[in-house]
>>> print(open('my_file.txt').read())   # compact mmCIF, C-alpha atoms and all ligand atoms
# COMPACT_ATOMS: atom_id res chain seq x y z
CA MET A 1 27.51 13.59 3.17
CA GLU A 2 26.24 16.89 4.58
CA ILE A 3 22.51 16.66 5.25
CA ASN A 4 20.80 19.01 7.68
CA MET A 5 18.46 16.87 9.73
CA ASN A 6 17.05 19.77 11.73
CA ARG A 7 15.27 21.19 8.70
CA PRO A 8 12.71 18.64 7.44
CA GLN A 9 11.66 20.98 4.61
CA LYS A 10 15.24 21.19 3.36
CA LEU A 11 15.63 17.41 3.30
CA SER A 12 12.29 17.19 1.50
CA GLU A 13 13.50 19.73 -1.06
CA LEU A 14 16.72 17.79 -1.55
CA LEU A 15 14.87 14.52 -2.24
CA ASN A 16 12.48 16.32 -4.56
CA THR A 17 15.17 17.95 -6.69
CA ALA A 18 18.03 15.44 -6.70
CA GLY A 19 18.98 13.78 -9.98
CA ARG A 20 19.07 9.98 -10.28
CA LYS A 21 22.70 9.58 -9.26
CA GLU A 22 22.37 11.92 -6.31
CA LEU A 23 19.18 10.15 -5.22
CA ALA A 24 20.99 6.80 -5.33
CA ASP A 25 23.83 8.29 -3.25
CA ILE A 26 21.41 9.68 -0.65
CA LEU A 27 19.59 6.34 -0.39
CA ARG A 28 22.86 4.44 -0.14
CA TYR A 29 24.01 6.79 2.56
CA PHE A 30 20.92 6.30 4.71
CA VAL A 31 20.61 2.55 4.28
CA ARG A 32 24.32 1.70 4.56
CA GLU A 33 26.39 4.43 6.13
CA ALA A 34 24.40 6.79 8.33
CA ARG A 35 25.28 6.82 12.03
CA PRO A 36 22.56 6.02 14.61
CA GLU A 37 22.15 9.70 15.52
CA GLU A 38 21.69 10.59 11.86
CA LEU A 39 19.03 7.92 11.51
CA SER A 40 17.21 9.28 14.57
CA GLY A 41 17.46 12.69 12.90
CA LEU A 42 15.79 11.24 9.80
CA MET A 43 13.01 9.69 11.93
CA ARG A 44 12.44 13.06 13.63
CA CYS A 45 12.19 14.81 10.24
CA ALA A 46 9.68 12.23 9.00
CA SER A 47 7.59 12.46 12.19
CA ARG A 48 7.50 16.24 12.07
CA LEU A 49 6.30 16.25 8.47
CA ARG A 50 3.61 13.66 9.19
CA GLU A 51 2.44 15.64 12.21
CA GLN A 52 2.13 18.79 10.16
CA TYR A 53 -0.68 17.18 8.13
CA TYR A 54 -2.07 14.30 10.19
CA GLY A 55 -0.97 14.91 13.77
CA LYS A 56 -0.38 11.69 15.66
CA LYS A 57 -3.31 9.89 14.05
CA VAL A 58 -3.01 6.32 12.84
CA TYR A 59 -5.87 5.41 10.48
CA PHE A 60 -7.40 1.94 10.73
CA ARG A 61 -8.66 0.13 7.60
CA GLY A 62 -10.31 -3.28 7.43
CA LEU A 63 -8.60 -5.57 4.92
CA ILE A 64 -10.72 -8.17 3.12
CA GLU A 65 -8.73 -10.64 1.04
CA PHE A 66 -11.61 -11.89 -1.07
CA SER A 67 -10.00 -14.20 -3.64
CA SER A 68 -6.72 -16.11 -3.83
CA TYR A 69 -7.18 -17.07 -7.49
CA CYS A 70 -4.69 -15.34 -9.76
CA LYS A 71 -3.96 -15.37 -13.47
CA ARG A 72 -0.62 -13.59 -13.11
CA GLY A 73 2.82 -15.10 -12.71
CA CYS A 74 4.70 -12.66 -10.42
CA TYR A 75 7.81 -14.68 -9.53
CA TYR A 76 7.92 -13.55 -5.88
CA CYS A 77 4.30 -14.18 -4.94
CA GLY A 78 2.82 -17.32 -3.41
CA LEU A 79 -0.49 -16.74 -5.23
CA GLN A 80 1.07 -16.89 -8.72
CA ARG A 81 -0.85 -19.09 -11.17
CA ASN A 82 1.90 -21.74 -11.38
CA ASN A 83 1.84 -22.50 -7.68
CA ALA A 84 -0.04 -25.81 -7.56
CA ASN A 85 0.32 -25.89 -3.75
CA ALA A 86 -1.63 -22.68 -3.26
CA VAL A 87 -5.10 -23.20 -1.78
CA ARG A 88 -7.58 -21.19 -3.82
CA TYR A 89 -10.73 -19.69 -2.34
CA ARG A 90 -13.16 -16.99 -3.29
CA LEU A 91 -15.62 -15.19 -1.00
CA SER A 92 -19.18 -14.74 -2.24
CA GLU A 93 -20.70 -11.28 -2.38
CA ASP A 94 -22.73 -12.10 0.73
CA GLU A 95 -19.59 -13.18 2.59
CA ILE A 96 -17.84 -9.95 1.60
CA LEU A 97 -20.81 -7.90 2.80
CA ALA A 98 -20.83 -9.88 6.05
CA CYS A 99 -17.12 -9.01 6.55
CA CYS A 100 -17.96 -5.33 6.02
CA GLY A 101 -20.87 -5.57 8.46
CA ALA A 102 -18.61 -7.10 11.10
CA GLY A 103 -15.98 -4.47 10.35
CA ARG A 104 -18.44 -1.60 10.56
CA LYS A 105 -19.50 -2.86 14.03
CA LEU A 106 -15.84 -2.84 15.06
CA GLY A 107 -15.68 0.80 13.93
CA PHE A 108 -13.96 0.58 10.54
CA ARG A 109 -14.90 3.16 7.91
CA THR A 110 -12.61 2.00 5.16
CA PHE A 111 -12.72 -1.44 3.61
CA VAL A 112 -9.78 -2.54 1.52
CA LEU A 113 -10.79 -5.26 -0.94
CA GLN A 114 -7.73 -7.14 -2.12
CA SER A 115 -7.39 -10.23 -4.30
CA GLY A 116 -5.30 -12.01 -6.88
CA GLU A 117 -6.26 -11.20 -10.46
CA ASP A 118 -9.25 -13.50 -10.54
CA PRO A 119 -10.96 -13.62 -13.97
CA TYR A 120 -14.21 -14.61 -12.22
CA HIS A 121 -14.43 -11.01 -11.06
CA SER A 122 -15.70 -9.36 -14.21
CA ASP A 123 -16.44 -5.64 -14.13
CA GLU A 124 -20.08 -6.42 -13.63
CA ARG A 125 -19.48 -8.63 -10.58
CA LEU A 126 -16.95 -6.29 -8.99
CA CYS A 127 -19.08 -3.22 -9.63
CA GLY A 128 -21.99 -5.05 -7.99
CA ILE A 129 -19.87 -5.76 -4.92
CA VAL A 130 -18.62 -2.16 -4.68
CA SER A 131 -22.06 -0.60 -5.10
CA GLY A 132 -23.53 -3.16 -2.68
CA ILE A 133 -21.02 -2.08 0.00
CA LYS A 134 -21.60 1.63 -0.68
CA ALA A 135 -25.39 1.20 -0.50
CA ARG A 136 -25.22 -0.53 2.89
CA PHE A 137 -22.36 1.48 4.37
CA PRO A 138 -22.60 4.92 2.78
CA ASP A 139 -20.27 6.47 5.35
CA CYS A 140 -17.46 4.08 4.47
CA ALA A 141 -14.70 4.36 1.86
CA VAL A 142 -13.94 1.44 -0.44
CA THR A 143 -10.36 0.79 -1.51
CA LEU A 144 -9.72 -1.73 -4.26
CA SER A 145 -6.51 -3.68 -4.77
CA VAL A 146 -7.28 -6.12 -7.56
CA GLY A 147 -4.42 -5.57 -9.98
CA GLU A 148 -4.13 -4.43 -13.58
CA ARG A 149 -7.34 -3.75 -15.50
CA SER A 150 -8.38 -1.61 -18.44
CA ARG A 151 -9.02 2.10 -18.06
CA ASP A 152 -12.65 1.45 -18.85
CA SER A 153 -12.87 -1.10 -16.06
CA TYR A 154 -11.30 1.35 -13.60
CA ARG A 155 -13.82 3.96 -14.74
CA ARG A 156 -16.77 1.65 -14.15
CA LEU A 157 -15.51 0.68 -10.71
CA PHE A 158 -15.06 4.34 -9.81
CA GLU A 159 -18.58 5.10 -10.94
CA ALA A 160 -19.81 2.16 -8.85
CA GLY A 161 -18.37 4.01 -5.85
CA ALA A 162 -14.78 2.87 -5.32
CA ASP A 163 -12.78 5.67 -3.69
CA ARG A 164 -9.18 4.47 -3.66
CA TYR A 165 -6.95 1.97 -5.45
CA LEU A 166 -3.77 0.26 -4.33
CA LEU A 167 -1.45 -1.00 -7.06
CA ARG A 168 2.18 -1.20 -6.09
CA HIS A 169 4.41 -0.46 -9.05
CA GLU A 170 6.83 -3.05 -7.51
CA THR A 171 9.92 -1.46 -9.13
CA ALA A 172 10.28 1.47 -11.50
CA ASP A 173 13.40 0.00 -13.11
CA GLU A 174 12.60 -1.76 -16.38
CA ALA A 175 15.31 -4.46 -16.13
CA HIS A 176 14.53 -5.12 -12.47
CA TYR A 177 10.82 -5.39 -13.30
CA GLY A 178 11.75 -8.04 -15.85
CA THR A 179 13.55 -10.18 -13.24
CA LEU A 180 10.47 -10.17 -10.99
CA HIS A 181 7.76 -10.79 -13.59
CA PRO A 182 7.11 -12.94 -16.68
CA PRO A 183 7.61 -11.19 -20.04
CA GLU A 184 3.91 -10.51 -20.68
CA GLN A 185 3.74 -8.33 -17.57
CA THR A 186 5.29 -4.96 -18.29
CA LEU A 187 6.29 -1.98 -16.22
CA LYS A 188 4.77 0.20 -18.92
CA ASN A 189 1.31 -1.25 -18.37
CA ARG A 190 1.65 -1.14 -14.58
CA MET A 191 2.47 2.58 -14.84
CA ARG A 192 -0.33 3.15 -17.36
CA CYS A 193 -2.75 1.68 -14.82
CA LEU A 194 -1.52 4.03 -12.08
CA TYR A 195 -1.81 7.14 -14.26
CA ASP A 196 -5.28 6.07 -15.46
CA LEU A 197 -6.44 5.54 -11.88
CA LYS A 198 -5.15 8.94 -10.88
CA GLU A 199 -6.76 10.72 -13.80
CA LEU A 200 -10.09 9.03 -13.09
CA GLY A 201 -10.15 10.56 -9.61
CA TYR A 202 -9.12 7.71 -7.32
CA GLN A 203 -6.83 8.26 -4.38
CA VAL A 204 -4.01 6.08 -5.64
CA GLY A 205 -1.40 3.98 -3.88
CA ALA A 206 1.84 2.85 -5.52
CA GLY A 207 4.72 1.15 -3.74
CA PHE A 208 7.35 -1.57 -3.68
CA MET A 209 8.92 -4.33 -1.64
CA VAL A 210 12.17 -3.63 0.18
CA ASP A 211 15.05 -6.00 -0.64
CA SER A 212 13.21 -7.67 -3.48
CA PRO A 213 15.64 -9.86 -5.48
CA GLY A 214 17.82 -7.63 -7.65
CA GLN A 215 16.95 -4.36 -5.90
CA THR A 216 19.84 -1.88 -5.67
CA CYS A 217 20.18 1.74 -4.61
CA GLU A 218 19.98 2.60 -8.32
CA THR A 219 16.64 0.81 -8.75
CA LEU A 220 15.41 2.45 -5.54
CA ALA A 221 16.41 5.83 -7.01
CA GLU A 222 14.10 5.00 -9.95
CA ASP A 223 11.33 4.21 -7.45
CA PHE A 224 11.77 7.56 -5.73
CA ALA A 225 11.88 9.41 -9.06
CA PHE A 226 8.68 7.62 -10.16
CA LEU A 227 6.86 8.42 -6.90
CA ARG A 228 7.90 12.02 -7.38
CA ARG A 229 6.36 12.06 -10.88
CA LEU A 230 3.19 10.16 -9.99
CA GLN A 231 2.51 11.98 -6.69
CA PRO A 232 0.39 9.13 -5.29
CA GLN A 233 -1.83 9.68 -2.25
CA MET A 234 -0.64 6.42 -0.66
CA VAL A 235 2.58 4.40 -0.80
CA GLY A 236 2.76 0.75 0.29
CA ILE A 237 6.21 -0.39 1.35
CA GLY A 238 6.98 -3.67 3.04
CA PRO A 239 9.90 -6.07 3.19
CA PHE A 240 10.16 -8.80 0.58
CA ILE A 241 9.65 -12.13 2.35
CA PRO A 242 10.45 -15.38 0.48
CA HIS A 243 7.69 -17.87 -0.25
CA LYS A 244 8.70 -21.54 -0.26
CA ASP A 245 6.99 -22.39 -3.56
CA THR A 246 8.66 -19.63 -5.58
CA ARG A 247 12.01 -19.35 -7.37
CA PHE A 248 13.09 -16.92 -4.66
CA ALA A 249 12.43 -19.40 -1.82
CA ASP A 250 16.02 -19.25 -0.58
CA TYR A 251 16.59 -15.55 -1.05
CA CYS A 252 17.87 -14.12 2.22
CA ARG A 253 15.44 -12.73 4.75
CA PRO A 254 15.42 -8.97 5.15
CA SER A 255 15.71 -7.00 8.36
CA SER A 256 13.09 -4.45 9.29
CA GLU A 257 15.62 -1.64 9.54
CA LYS A 258 15.93 -0.90 5.84
CA THR A 259 12.15 -0.85 5.43
CA VAL A 260 11.82 1.60 8.30
CA ILE A 261 14.49 3.90 6.80
CA LEU A 262 12.78 3.83 3.40
CA LEU A 263 9.40 4.56 4.99
CA ALA A 264 10.92 7.66 6.60
CA LEU A 265 12.48 8.74 3.30
CA VAL A 266 9.16 8.33 1.47
CA ARG A 267 7.43 10.43 4.15
CA VAL A 268 10.06 13.12 3.60
CA LEU A 269 9.68 12.85 -0.19
CA LEU A 270 5.86 13.08 -0.05
CA PRO A 271 4.97 14.74 3.27
CA LYS A 272 1.19 14.39 2.82
CA VAL A 273 1.19 10.74 1.81
CA LEU A 274 -0.85 8.04 3.59
CA LEU A 275 1.73 5.46 4.58
CA PRO A 276 0.80 2.05 5.98
CA ALA A 277 2.79 0.11 8.53
CA THR A 278 2.44 -3.16 6.62
CA THR A 279 1.62 -6.68 7.75
CA ALA A 280 4.84 -7.85 6.09
CA LEU A 281 6.83 -5.56 8.39
CA GLY A 282 4.91 -6.88 11.41
CA THR A 283 5.67 -10.41 10.19
CA ILE A 284 9.46 -10.06 10.21
CA ASP A 285 9.68 -7.88 13.33
CA PRO A 286 7.19 -7.98 16.23
CA LEU A 287 7.87 -4.29 16.88
CA GLY A 288 8.10 -3.44 13.17
CA ARG A 289 4.87 -1.48 13.02
CA GLU A 290 5.72 0.61 16.08
CA LYS A 291 9.05 1.45 14.42
CA ALA A 292 7.14 2.37 11.26
CA PHE A 293 4.99 4.90 13.14
CA GLN A 294 8.15 6.51 14.52
CA ALA A 295 9.31 6.73 10.89
CA GLY A 296 6.20 8.56 9.69
CA ALA A 297 3.77 5.72 8.87
CA ASN A 298 0.13 6.51 9.70
CA VAL A 299 -2.10 3.67 8.47
CA LEU A 300 -2.83 0.15 9.78
CA MET A 301 -4.79 -2.51 7.93
CA PRO A 302 -5.98 -5.26 10.25
CA ASN A 303 -7.37 -8.38 8.61
CA LEU A 304 -11.17 -8.68 8.34
CA SER A 305 -11.21 -11.77 6.09
CA PRO A 306 -13.03 -14.81 7.49
CA ALA A 307 -10.59 -16.58 9.83
CA ALA A 308 -11.07 -19.90 7.96
CA HIS A 309 -9.54 -18.51 4.74
CA ARG A 310 -6.93 -16.17 6.14
CA LYS A 311 -3.98 -18.55 6.01
CA ASP A 312 -4.76 -19.28 2.35
CA TYR A 313 -4.10 -15.72 1.20
CA ASN A 314 -0.50 -16.71 1.26
CA LEU A 315 1.68 -14.11 -0.46
CA TYR A 316 4.78 -15.07 1.55
CA ASP A 317 5.74 -17.53 4.29
CA ASN A 318 4.61 -17.15 7.92
CA LYS A 319 2.32 -14.21 7.25
CA ILE A 320 0.80 -13.09 10.54
CA CYS A 321 -2.98 -13.11 10.48
CA MET A 322 -4.41 -14.50 13.67
CA GLY A 323 -2.91 -12.26 16.38
CA GLU A 324 -3.39 -8.57 16.98
CA GLU A 325 -3.38 -7.84 13.26
CA ALA A 326 -6.74 -9.64 13.11
CA ALA A 327 -9.58 -7.15 13.08
CA GLU A 328 -11.34 -9.00 15.94
CA CYS A 329 -8.47 -7.92 18.14
CA VAL A 330 -8.74 -4.30 17.12
CA GLU A 331 -8.89 -3.17 20.74
CA ARG A 332 -5.56 -4.75 21.56
CA LEU A 333 -4.06 -3.32 18.39
CA SER A 334 -5.33 0.17 19.10
CA GLY A 335 -3.96 -0.25 22.64
CA ARG A 336 -0.56 -0.84 21.11
CA VAL A 337 -0.91 2.25 18.93
CA THR A 338 -1.79 4.34 21.99
CA ALA A 339 1.06 2.85 24.00
CA ALA A 340 3.46 3.85 21.23
CA GLY A 341 2.29 7.48 21.63
CA PHE A 342 -0.12 7.66 18.67
CA VAL A 343 -3.87 8.14 18.33
CA PRO A 344 -5.98 5.36 16.75
CA ASP A 345 -8.43 6.91 14.27
CA PHE A 346 -11.48 5.22 12.79
CA SER A 347 -12.68 7.95 10.44
CA ARG A 348 -12.51 7.40 6.68
CA GLY A 349 -9.02 8.82 6.79
CA ASP A 350 -8.83 10.40 3.35
CA HIS A 351 -5.69 12.08 2.06
CA VAL A 352 -5.52 15.69 3.36
CA ASP A 353 -6.15 17.12 -0.09
CA TRP A 354 -9.42 15.13 -0.22
CA GLU A 355 -10.73 16.15 3.18
CA ASN A 356 -11.90 19.53 1.97
CA ARG A 357 -13.56 18.22 -1.17
CA LEU A 358 -17.28 17.73 -1.46
CA PRO A 359 -18.57 14.21 -0.88
CA ARG A 360 -18.60 12.29 -4.15
CA GLY A 361 -22.39 12.20 -4.62
CA ARG A 362 -22.69 15.97 -4.14
CA GLU A 363 -19.86 16.61 -6.54
CA ARG A 364 -21.75 14.83 -9.32
CA ILE A 365 -24.96 16.72 -8.57
CA LEU A 366 -23.06 20.00 -8.79
CA ILE A 367 -21.43 18.97 -12.06
CA ARG A 368 -24.84 18.22 -13.50
CA GLY A 369 -25.94 21.64 -12.27
CA GLU A 370 -28.96 20.32 -10.36
N1 LIG A 401 -3.18 -8.66 -7.21
C1 LIG A 401 -3.06 -7.38 -6.53
C2 LIG A 401 -2.70 -7.55 -5.09
C3 LIG A 401 -1.34 -8.17 -4.99
S1 LIG A 401 -0.81 -8.71 -3.43
C4 LIG A 401 -2.05 -6.54 -7.27
O1 LIG A 401 -1.47 -6.99 -8.24
O2 LIG A 401 -1.88 -5.39 -6.90
C5 LIG A 401 -0.28 -7.18 -2.73
C6 LIG A 401 1.22 -6.96 -2.66
O3 LIG A 401 1.86 -7.97 -1.92
C7 LIG A 401 1.96 -6.96 -3.97
O4 LIG A 401 1.79 -5.75 -4.64
C8 LIG A 401 3.39 -7.23 -3.55
O5 LIG A 401 4.15 -6.03 -3.45
C9 LIG A 401 3.23 -7.86 -2.16
N2 LIG A 401 3.88 -9.19 -2.12
C10 LIG A 401 3.69 -10.23 -2.97
N3 LIG A 401 4.55 -11.21 -2.69
C11 LIG A 401 5.31 -10.81 -1.65
C12 LIG A 401 6.39 -11.36 -0.92
N4 LIG A 401 6.90 -12.56 -1.23
N5 LIG A 401 6.91 -10.65 0.11
C13 LIG A 401 6.41 -9.45 0.42
N6 LIG A 401 5.42 -8.85 -0.24
C14 LIG A 401 4.85 -9.51 -1.26
>>> encode(input="my_file.txt", output="C-alpha cells")
Amino acid sequence: MEINMNRPQKLSELLNTAGRKELADILRYFVREARPEELSGLMRCASRLREQYYGKKVYFRGLIEFSSYCKRGCYYCGLQRNNANAVRYRLSEDEILACCGAGRKLGFRTFVLQSGEDPYHSDERLCGIVSGIKARFPDCAVTLSVGERSRDSYRRLFEAGADRYLLRHETADEAHYGTLHPPEQTLKNRMRCLYDLKELGYQVGAGFMVDSPGQTCETLAEDFAFLRRLQPQMVGIGPFIPHKDTRFADYCRPSSEKTVILLALVRVLLPKVLLPATTALGTIDPLGREKAFQAGANVLMPNLSPAAHRKDYNLYDNKICMGEEAAECVERLSGRVTAAGFVPDFSRGDHVDWENRLPRGRERILIRGE
C-alpha cells in the first residue's frame, strides 16, 4: 500500500475520505503488515498533528470512581449486574467533594466522575453533586461518565454545570455490539445519547476497546466512520482486558502495540481530539502510556478515588490503581511525562475549539441579553 508518511495532512485526508472497505484495508495494513519504519512514520505524523494544536502538553484529570453499582449487563465488564462477586460501594456527596478538594490541592482542574449505571443517582442527586462541585471549585471542569440517560437528564446535568461527557460507543458495528451486550442494550440508543450530548453543548468523548471479542478490521472501519460522523472532542481507546467473572474470562490478552497504532490513527483522523493514554494501557504494559504519548495521546487521568474503594471499581483484572497512576503520586507521574519529553499541564485542558469560547456563565448572560 502506498501511503505518504511525510505528509500528515495527506494521511488525515485519506482517513477522512476513504470508504468502508478502503478504511478496513488501511487499518489492516497498519495493524498487521506495516514495517517498523512505516509505523514510526505513522507515530511521527500523529505527533506532528497533535503538536499543531496542543504542543507537547499532556493534560492531567482527576478520576473519581464514585459508584460500582450497575444496572447494565455489558458482557465484558466486571461491574455488570450479574456479577455476584463484585464488591459494590457508593461514595457520598461529601466524600466526592472531599476527593475534589484533595485533587484541587494537588493541582487538578478537571474532575472526571465515573460510575456504573447506579439507579440511586437520580437526576436530582447527580445535579446536586455537579452543582456542589462547581460552586466550590468554579475554576474546575466537571466531566461525567455515568452511562446512558435520557436527553432531558443530560440537559439537566449540563445546566447544573457539567462540561464534558465520556460515553464510549464500544463498537459501531450492530452485530458486534450485540455480541458484547444483552439485547435490551442497543447501539442505536448509545449513538442517540452521544448525539444528544453533543447537541446540548457538552464536549463529548466516544471510544472503544481494542481487541474486544469479535472485533475485526471491518468493525474497526465502522468505528472510524462513526467517529468521523460524530466528530467527538475526546476519544477513549484502551485494550480489552478479560475479567475473571465474565463470559470472556479466557479471551486472549492483548498486546499494547495495536492500541498504540489505533491511537495514532485516531489522532490522524481527528487531529484536534483530546486523546487519553488510558489506565488499561498502563495495566498491560508498564511503558504503555509513554508509547501512547509518542502516538499522539495527550491526556492522563490519575485516580483520585479513596484508596479504600479503588480495587472495587473492578472493570477488568489486575487494574493498576495504587502506583503512579494514583493521584497522590502525581509528582512521580508528571516526572515520567517530563522524562518522556512532554509537558505536564494542569489547566482545565478544554478542546482547542472551546478555548476561545466565553466561559459558560458569561455565555448565558449574553444570551439573555443582560
Ligand atoms: N457506566 C459508564 C462507565 C463505564 S466503565 C458507561 O457506560 O460509560 C468505562 C469503560 O471501561 C467502558 O466504556 C468500557 O469501554 C471500559 N471497560 C469495561 N470493561 C472493560 C474490560 N474488560 N477491559 C477494558 N476496558 C473495559
>>> closest_residue(input="my_file.txt", among="A:Gln203, A:Ser115, A:Asn6, A:Asn189", to="ligand LIG 401 (chain A)", atoms="all atoms listed in the file")
A:Ser115
>>> atom_distance(input="my_file.txt", atom1="atom CA of Phe342 of chain A", atom2="atom CA of Phe293 of chain A")
8.0 Å
>>> closest_residue(input="my_file.txt", among="A:Met234, A:Leu113, A:Leu262, A:Met43", to="Arg28 of chain A", atoms="only C-alpha atoms")
A:Leu262
>>> atom_distance(input="my_file.txt", atom1="atom CA of Glu328 of chain A", atom2="atom CA of Arg61 of chain A")
12.7 Å
>>> residues_near_point(input="my_file.txt", point="(-12.0, -14.3, -12.9)", cutoff="12 Å", atoms="only C-alpha atoms", output="VMD selection string")
chain A and resid 67 to 72 89 to 90 115 to 126 146 to 147 149
>>> closest_residue(input="my_file.txt", among="A:Gly128, A:Pro182, A:Gly73, A:Pro242", to="ligand LIG 401 (chain A)", atoms="only C-alpha atoms and all ligand atoms")
A:Pro242
>>> atom_distance(input="my_file.txt", atom1="atom CA of Asp94 of chain A", atom2="atom CA of Tyr165 of chain A")
22.0 Å
>>> residues_around(input="my_file.txt", residues="Tyr316 of chain A", least_positions_apart="6", cutoff="6 Å", atoms="only C-alpha atoms", output="VMD selection string")
chain A and resid 78 241 to 243
>>> closest_residue(input="my_file.txt", among="A:Gln52, A:Ser145, A:Thr259, A:Asn83", to="Phe66 of chain A", atoms="all atoms listed in the file")
A:Ser145
>>> residues_near_point(input="my_file.txt", point="(3.9, 4.7, 5.2)", cutoff="9 Å", atoms="all atoms listed in the file", output="list in words")
Met234, Val235, Gly236, Ile237, Leu263, Ala264, Val266, Arg267, Val273, Leu274, Leu275, Pro276, Ala277, Thr278, Ala292, Phe293, Ala295, Gly296, Ala297, Asn298 and Val299 of chain A
>>> closest_residue(input="my_file.txt", among="A:Asn82, A:His181, A:Ser347, A:His176", to="Arg109 of chain A", atoms="only C-alpha atoms")
A:Ser347
>>> decode(input="my_file.txt", residues="segment 256-273 of chain A", atoms="N, CA and C atoms", output="PDB file, in the first residue's frame")
ATOM      1  N   SER A 256       0.026  -4.218  23.776  1.00  0.00           N
ATOM      2  CA  SER A 256      -0.217  -2.774  23.739  1.00  0.00           C
ATOM      3  C   SER A 256      -0.025  -2.213  22.328  1.00  0.00           C
ATOM      4  N   GLU A 257       0.656  -2.968  21.466  1.00  0.00           N
ATOM      5  CA  GLU A 257       1.046  -2.386  20.178  1.00  0.00           C
ATOM      6  C   GLU A 257      -0.149  -1.940  19.334  1.00  0.00           C
ATOM      7  N   LYS A 258      -1.158  -2.809  19.273  1.00  0.00           N
ATOM      8  CA  LYS A 258      -2.310  -2.495  18.435  1.00  0.00           C
ATOM      9  C   LYS A 258      -3.036  -1.243  18.956  1.00  0.00           C
ATOM     10  N   THR A 259      -3.133  -1.151  20.290  1.00  0.00           N
ATOM     11  CA  THR A 259      -3.778   0.036  20.867  1.00  0.00           C
ATOM     12  C   THR A 259      -3.012   1.296  20.480  1.00  0.00           C
ATOM     13  N   VAL A 260      -1.694   1.213  20.548  1.00  0.00           N
ATOM     14  CA  VAL A 260      -0.871   2.386  20.242  1.00  0.00           C
ATOM     15  C   VAL A 260      -1.050   2.788  18.771  1.00  0.00           C
ATOM     16  N   ILE A 261      -1.101   1.804  17.883  1.00  0.00           N
ATOM     17  CA  ILE A 261      -1.291   2.101  16.454  1.00  0.00           C
ATOM     18  C   ILE A 261      -2.656   2.757  16.231  1.00  0.00           C
ATOM     19  N   LEU A 262      -3.685   2.223  16.902  1.00  0.00           N
ATOM     20  CA  LEU A 262      -5.025   2.792  16.709  1.00  0.00           C
ATOM     21  C   LEU A 262      -5.135   4.191  17.316  1.00  0.00           C
ATOM     22  N   LEU A 263      -4.427   4.427  18.422  1.00  0.00           N
ATOM     23  CA  LEU A 263      -4.393   5.790  18.978  1.00  0.00           C
ATOM     24  C   LEU A 263      -3.829   6.754  17.937  1.00  0.00           C
ATOM     25  N   ALA A 264      -2.724   6.352  17.312  1.00  0.00           N
ATOM     26  CA  ALA A 264      -2.096   7.217  16.306  1.00  0.00           C
ATOM     27  C   ALA A 264      -3.058   7.468  15.143  1.00  0.00           C
ATOM     28  N   LEU A 265      -3.758   6.417  14.716  1.00  0.00           N
ATOM     29  CA  LEU A 265      -4.677   6.578  13.584  1.00  0.00           C
ATOM     30  C   LEU A 265      -5.859   7.477  13.951  1.00  0.00           C
ATOM     31  N   VAL A 266      -6.317   7.398  15.199  1.00  0.00           N
ATOM     32  CA  VAL A 266      -7.408   8.285  15.615  1.00  0.00           C
ATOM     33  C   VAL A 266      -6.913   9.733  15.672  1.00  0.00           C
ATOM     34  N   ARG A 267      -5.696   9.930  16.141  1.00  0.00           N
ATOM     35  CA  ARG A 267      -5.122  11.295  16.136  1.00  0.00           C
ATOM     36  C   ARG A 267      -5.068  11.841  14.711  1.00  0.00           C
ATOM     37  N   VAL A 268      -4.697  10.985  13.765  1.00  0.00           N
ATOM     38  CA  VAL A 268      -4.612  11.435  12.373  1.00  0.00           C
ATOM     39  C   VAL A 268      -6.015  11.715  11.820  1.00  0.00           C
ATOM     40  N   LEU A 269      -6.971  10.871  12.211  1.00  0.00           N
ATOM     41  CA  LEU A 269      -8.356  11.045  11.751  1.00  0.00           C
ATOM     42  C   LEU A 269      -8.948  12.352  12.291  1.00  0.00           C
ATOM     43  N   LEU A 270      -8.721  12.612  13.582  1.00  0.00           N
ATOM     44  CA  LEU A 270      -9.291  13.797  14.242  1.00  0.00           C
ATOM     45  C   LEU A 270      -8.153  14.576  14.913  1.00  0.00           C
ATOM     46  N   PRO A 271      -7.433  15.390  14.143  1.00  0.00           N
ATOM     47  CA  PRO A 271      -6.202  16.000  14.665  1.00  0.00           C
ATOM     48  C   PRO A 271      -6.379  16.806  15.956  1.00  0.00           C
ATOM     49  N   LYS A 272      -7.579  17.391  16.177  1.00  0.00           N
ATOM     50  CA  LYS A 272      -7.746  18.236  17.361  1.00  0.00           C
ATOM     51  C   LYS A 272      -8.260  17.484  18.582  1.00  0.00           C
ATOM     52  N   VAL A 273      -8.415  16.188  18.477  1.00  0.00           N
ATOM     53  CA  VAL A 273      -9.094  15.440  19.537  1.00  0.00           C
ATOM     54  C   VAL A 273      -8.263  15.390  20.824  1.00  0.00           C
TER      55      VAL A 273
END
